[in-house]
$ cat final04.cif   # mmCIF, C-alpha atoms
data_query
#
loop_
_atom_site.label_atom_id
_atom_site.label_comp_id
_atom_site.auth_asym_id
_atom_site.auth_seq_id
_atom_site.Cartn_x
_atom_site.Cartn_y
_atom_site.Cartn_z
CA MET A 239 108.69 84.64 101.37
CA ASP A 240 110.14 86.18 104.50
CA ARG A 241 111.41 89.72 105.01
CA LYS A 242 115.01 88.75 104.20
CA GLU A 243 114.01 87.16 100.88
CA LEU A 244 111.92 90.21 99.95
CA ILE A 245 114.83 92.55 100.71
CA SER A 246 117.06 90.39 98.49
CA LYS A 247 114.54 90.52 95.61
CA ILE A 248 114.18 94.29 95.92
CA LYS A 249 117.97 94.75 95.98
CA LYS A 250 118.26 92.70 92.78
CA TYR A 251 115.48 94.65 91.06
CA GLN A 252 116.77 96.95 88.28
CA PRO A 253 114.89 100.27 88.41
CA PHE A 254 113.29 101.42 85.17
CA ASN A 255 113.88 105.13 85.81
CA GLU A 256 114.97 107.71 88.40
CA GLN A 257 111.62 107.53 90.23
CA GLU A 258 112.05 103.79 90.78
CA GLU A 259 115.68 104.26 91.86
CA MET A 260 114.60 106.69 94.55
CA ASP A 261 111.58 104.60 95.58
CA LYS A 262 113.73 101.44 95.74
CA ALA A 263 116.07 103.14 98.23
CA LEU A 264 113.11 104.44 100.26
CA ILE A 265 111.39 101.03 100.35
CA LEU A 266 114.57 99.17 101.31
CA ASN A 267 115.35 101.64 104.09
CA TRP A 268 111.80 101.41 105.41
CA ILE A 269 111.72 97.60 105.46
CA GLU A 270 115.16 97.43 107.06
CA THR A 271 114.51 100.02 109.78
CA GLN A 272 110.79 99.77 110.64
CA GLU A 273 109.67 96.74 112.62
CA ASN A 274 106.04 97.35 111.64
CA ALA A 275 106.69 98.31 107.99
CA PHE A 276 104.10 95.75 106.85
CA SER A 277 101.32 96.95 109.15
CA ARG A 278 98.70 99.68 108.75
CA GLU A 279 99.43 100.49 112.38
CA ASN A 280 102.48 102.32 110.99
CA THR A 281 100.60 105.51 110.14
CA VAL A 282 103.52 107.17 108.32
CA ALA A 283 104.04 104.48 105.66
CA HIS A 284 103.41 100.79 105.16
CA MET A 285 103.96 98.13 102.55
CA THR A 286 101.37 97.33 99.91
CA ALA A 287 101.36 95.06 96.88
CA SER A 288 99.57 95.37 93.57
CA ALA A 289 99.30 93.75 90.19
CA TRP A 290 98.75 94.37 86.55
CA VAL A 291 96.40 91.54 85.54
CA ASN A 292 96.11 90.24 81.99
CA LYS A 293 95.95 86.93 80.18
CA GLU A 294 96.14 87.57 76.44
CA ARG A 295 98.46 90.54 77.01
CA ASN A 296 96.10 92.82 75.07
CA LYS A 297 93.94 94.18 77.92
CA VAL A 298 94.25 94.83 81.64
CA LEU A 299 91.93 94.42 84.62
CA MET A 300 91.44 97.64 86.57
CA VAL A 301 89.30 98.86 89.45
CA TYR A 302 87.64 102.23 90.03
CA HIS A 303 89.11 103.95 93.10
CA ASN A 304 86.43 105.92 94.95
CA ILE A 305 88.78 108.10 97.02
CA TYR A 306 90.56 109.46 93.94
CA ASN A 307 87.71 109.09 91.43
CA SER A 308 90.02 107.35 88.98
CA TRP A 309 90.92 103.95 87.56
CA SER A 310 93.76 101.99 89.14
CA TRP A 311 95.54 98.67 88.98
CA LEU A 312 94.49 96.25 91.74
CA GLY A 313 96.22 95.82 95.08
CA GLY A 314 96.17 96.42 98.78
CA HIS A 315 97.76 96.34 102.21
CA ALA A 316 100.28 93.71 103.31
CA ASP A 317 98.60 93.56 106.75
CA GLY A 318 101.63 91.89 108.31
CA GLU A 319 102.41 89.57 105.38
CA THR A 320 105.94 89.78 103.92
CA ASP A 321 105.18 87.63 100.86
CA LEU A 322 104.04 90.52 98.70
CA LEU A 323 103.39 88.34 95.64
CA ALA A 324 100.88 86.39 97.74
CA VAL A 325 99.39 89.71 98.88
CA ALA A 326 99.00 90.85 95.26
CA VAL A 327 97.25 87.58 94.31
CA ARG A 328 94.98 87.77 97.37
CA GLU A 329 94.03 91.38 96.69
CA VAL A 330 93.20 90.71 93.03
CA LYS A 331 90.97 87.81 94.06
CA GLU A 332 89.23 89.94 96.73
CA GLU A 333 88.85 93.12 94.70
CA ALA A 334 87.77 91.52 91.42
CA GLY A 335 85.92 88.54 92.87
CA ILE A 336 87.83 86.08 90.68
CA THR A 337 89.56 82.85 91.64
CA ASN A 338 91.73 81.81 88.68
CA VAL A 339 94.72 84.13 89.25
CA ARG A 340 98.39 83.20 88.91
CA PRO A 341 101.74 84.99 88.60
CA VAL A 342 103.32 85.46 85.20
CA SER A 343 106.58 85.45 87.15
CA ASP A 344 107.66 85.81 90.76
CA GLU A 345 109.87 88.76 89.77
CA ILE A 346 109.01 92.33 90.74
CA PHE A 347 107.52 94.36 87.88
CA SER A 348 107.76 97.82 89.44
CA LEU A 349 108.30 99.74 92.69
CA GLU A 350 106.33 102.81 93.76
CA SER A 351 106.00 105.21 96.66
CA LEU A 352 102.35 106.27 96.47
CA THR A 353 100.88 109.17 98.43
CA VAL A 354 97.52 108.57 100.09
CA ASP A 355 95.54 111.67 100.96
CA GLY A 356 93.71 111.87 104.27
CA HIS A 357 90.24 110.33 104.00
CA VAL A 358 87.40 108.82 105.99
CA LYS A 359 87.22 105.02 105.96
CA LYS A 360 84.49 103.11 107.81
CA GLY A 361 83.54 106.29 109.67
CA ARG A 362 87.09 106.98 110.88
CA TYR A 363 89.58 109.56 109.61
CA VAL A 364 92.80 108.12 108.16
CA SER A 365 95.68 110.64 107.98
CA SER A 366 97.77 111.15 104.86
CA HIS A 367 100.51 108.54 104.54
CA LEU A 368 102.60 106.57 102.03
CA HIS A 369 101.99 103.20 100.44
CA LEU A 370 105.38 101.66 99.67
CA ASN A 371 104.30 99.40 96.87
CA VAL A 372 105.66 96.38 95.03
CA THR A 373 103.88 95.50 91.78
CA TYR A 374 103.76 92.11 90.04
CA LEU A 375 102.40 90.79 86.74
CA LEU A 376 99.55 88.32 87.10
CA GLU A 377 97.35 86.37 84.72
CA ALA A 378 93.65 85.68 85.09
CA ASP A 379 91.07 83.83 83.05
CA SER A 380 89.51 86.50 80.84
CA GLU A 381 86.30 84.45 80.65
CA GLU A 382 85.78 84.53 84.43
CA ALA A 383 83.23 87.16 85.47
CA VAL A 384 84.42 89.88 87.81
CA SER A 385 82.24 91.15 90.64
#
$ encode --input "final04.cif" --output "structure tokens"
Amino acid sequence: MDRKELISKIKKYQPFNEQEEMDKALILNWIETQENAFSRENTVAHMTASAWVNKERNKVLMVYHNIYNSWSWLGGHADGETDLLAVAVREVKEEAGITNVRPVSDEIFSLESLTVDGHVKKGRYVSSHLHLNVTYLLEADSEEAVS
């Protein structure tokens, strides 16, 4: 999916609440005006993708986030990729160590503007910034061991 297709999907997305309405406008503006919106080199904000992962629809796969000392859904940086569904699938595979992951749908599940506090990563300070996030629903084999 290229940038134009992603913009079209986001424009068609119906926000669930006022937060998503505002975040949808912010995300669209950012993608349309920032050449490097999909790169971590943009230190103000950059695109990320995440997923709620479930197969039987009665449990969800989560990861413990060390920076915030809390549980989170899985996801990560676009790193130049505009196909955010592919990013979400890739990140789930990397973070959970599983291989049998597939989309429930290619439709967007939710949109979020997430604040990231300043932190040290790999010995280097990363300033506070925003993750402009697109979330998808994915399925995984609940019998596959996570690592």
$ resolve_selection --input "final04.cif" --expression "the PyMOL selection byres ((chain A and resi 306) around 12)" --output "list in words"
Val301, Tyr302, His303, Asn304, Ile305, Asn307, Ser308, Trp309, Ser310, Thr353, Val354, Asp355, Gly356 and His357 of chain A
$ write_last_selection --input "final04.cif" --atoms "C-alpha atoms" --output "mmCIF file, keeping the file's coordinate frame"
data_model
loop_
_atom_site.group_PDB
_atom_site.id
_atom_site.type_symbol
_atom_site.label_atom_id
_atom_site.label_comp_id
_atom_site.auth_asym_id
_atom_site.auth_seq_id
_atom_site.Cartn_x
_atom_site.Cartn_y
_atom_site.Cartn_z
ATOM 1 C CA VAL A 301 89.300 98.860 89.450
ATOM 2 C CA TYR A 302 87.640 102.230 90.030
ATOM 3 C CA HIS A 303 89.110 103.950 93.100
ATOM 4 C CA ASN A 304 86.430 105.920 94.950
ATOM 5 C CA ILE A 305 88.780 108.100 97.020
ATOM 6 C CA ASN A 307 87.710 109.090 91.430
ATOM 7 C CA SER A 308 90.020 107.350 88.980
ATOM 8 C CA TRP A 309 90.920 103.950 87.560
ATOM 9 C CA SER A 310 93.760 101.990 89.140
ATOM 10 C CA THR A 353 100.880 109.170 98.430
ATOM 11 C CA VAL A 354 97.520 108.570 100.090
ATOM 12 C CA ASP A 355 95.540 111.670 100.960
ATOM 13 C CA GLY A 356 93.710 111.870 104.270
ATOM 14 C CA HIS A 357 90.240 110.330 104.000
#
$ residues_around --input "final04.cif" --residues "segment 244-258 of chain A" --least-positions-apart "3" --cutoff "9 Å" --atoms "all atoms listed in the file" --output "list in words"
Met239, Asp240, Arg241, Asp261, Lys262, Ala263, Ile265, Leu266, Ile269, Glu270, Thr320, Asp321, Leu322, Glu345, Ile346, Phe347, Ser348, Leu349, Glu350, Ser351 and Val372 of chain A
$ closest_residue --input "final04.cif" --among "A:Trp290, A:Tyr363, A:Trp268, A:Tyr374" --to "Trp311 of chain A" --atoms "all atoms listed in the file"
A:Trp290
$ resolve_selection --input "final04.cif" --expression "the PyMOL selection byres ((chain A and resi 331) around 12)" --output "MDAnalysis selection string"
chainID A and resid 288:289 291 299 312:314 324:330 332:340 376:379 382:385
$ closest_residue --input "final04.cif" --among "A:Met300, A:Ala283, A:Leu370, A:Leu375" --to "Val342 of chain A" --atoms "only C-alpha atoms"
A:Leu375
$ residues_near_point --input "final04.cif" --point "(99.4, 93.2, 112.0)" --cutoff "9 Å" --atoms "all atoms listed in the file" --output "JSON list (two decimals) with C-alpha atoms, in the coordinates of the input"
[["chain", "number", "residue", "atom", "x", "y", "z"],
["A", 274, "ASN", "CA", 106.04, 97.35, 111.64],
["A", 276, "PHE", "CA", 104.10, 95.75, 106.85],
["A", 277, "SER", "CA", 101.32, 96.95, 109.15],
["A", 278, "ARG", "CA", 98.70, 99.68, 108.75],
["A", 279, "GLU", "CA", 99.43, 100.49, 112.38],
["A", 316, "ALA", "CA", 100.28, 93.71, 103.31],
["A", 317, "ASP", "CA", 98.60, 93.56, 106.75],
["A", 318, "GLY", "CA", 101.63, 91.89, 108.31],
["A", 319, "GLU", "CA", 102.41, 89.57, 105.38]]
$ atom_distance --input "final04.cif" --atom1 "atom CA of Leu264 of chain A" --atom2 "atom CA of Asp344 of chain A"
21.6 Å
$ atom_distance --input "final04.cif" --atom1 "atom CA of Asn280 of chain A" --atom2 "atom CA of Asn371 of chain A"
14.5 Å
$ atom_distance --input "final04.cif" --atom1 "atom CA of His315 of chain A" --atom2 "atom CA of Ala275 of chain A"
10.8 Å
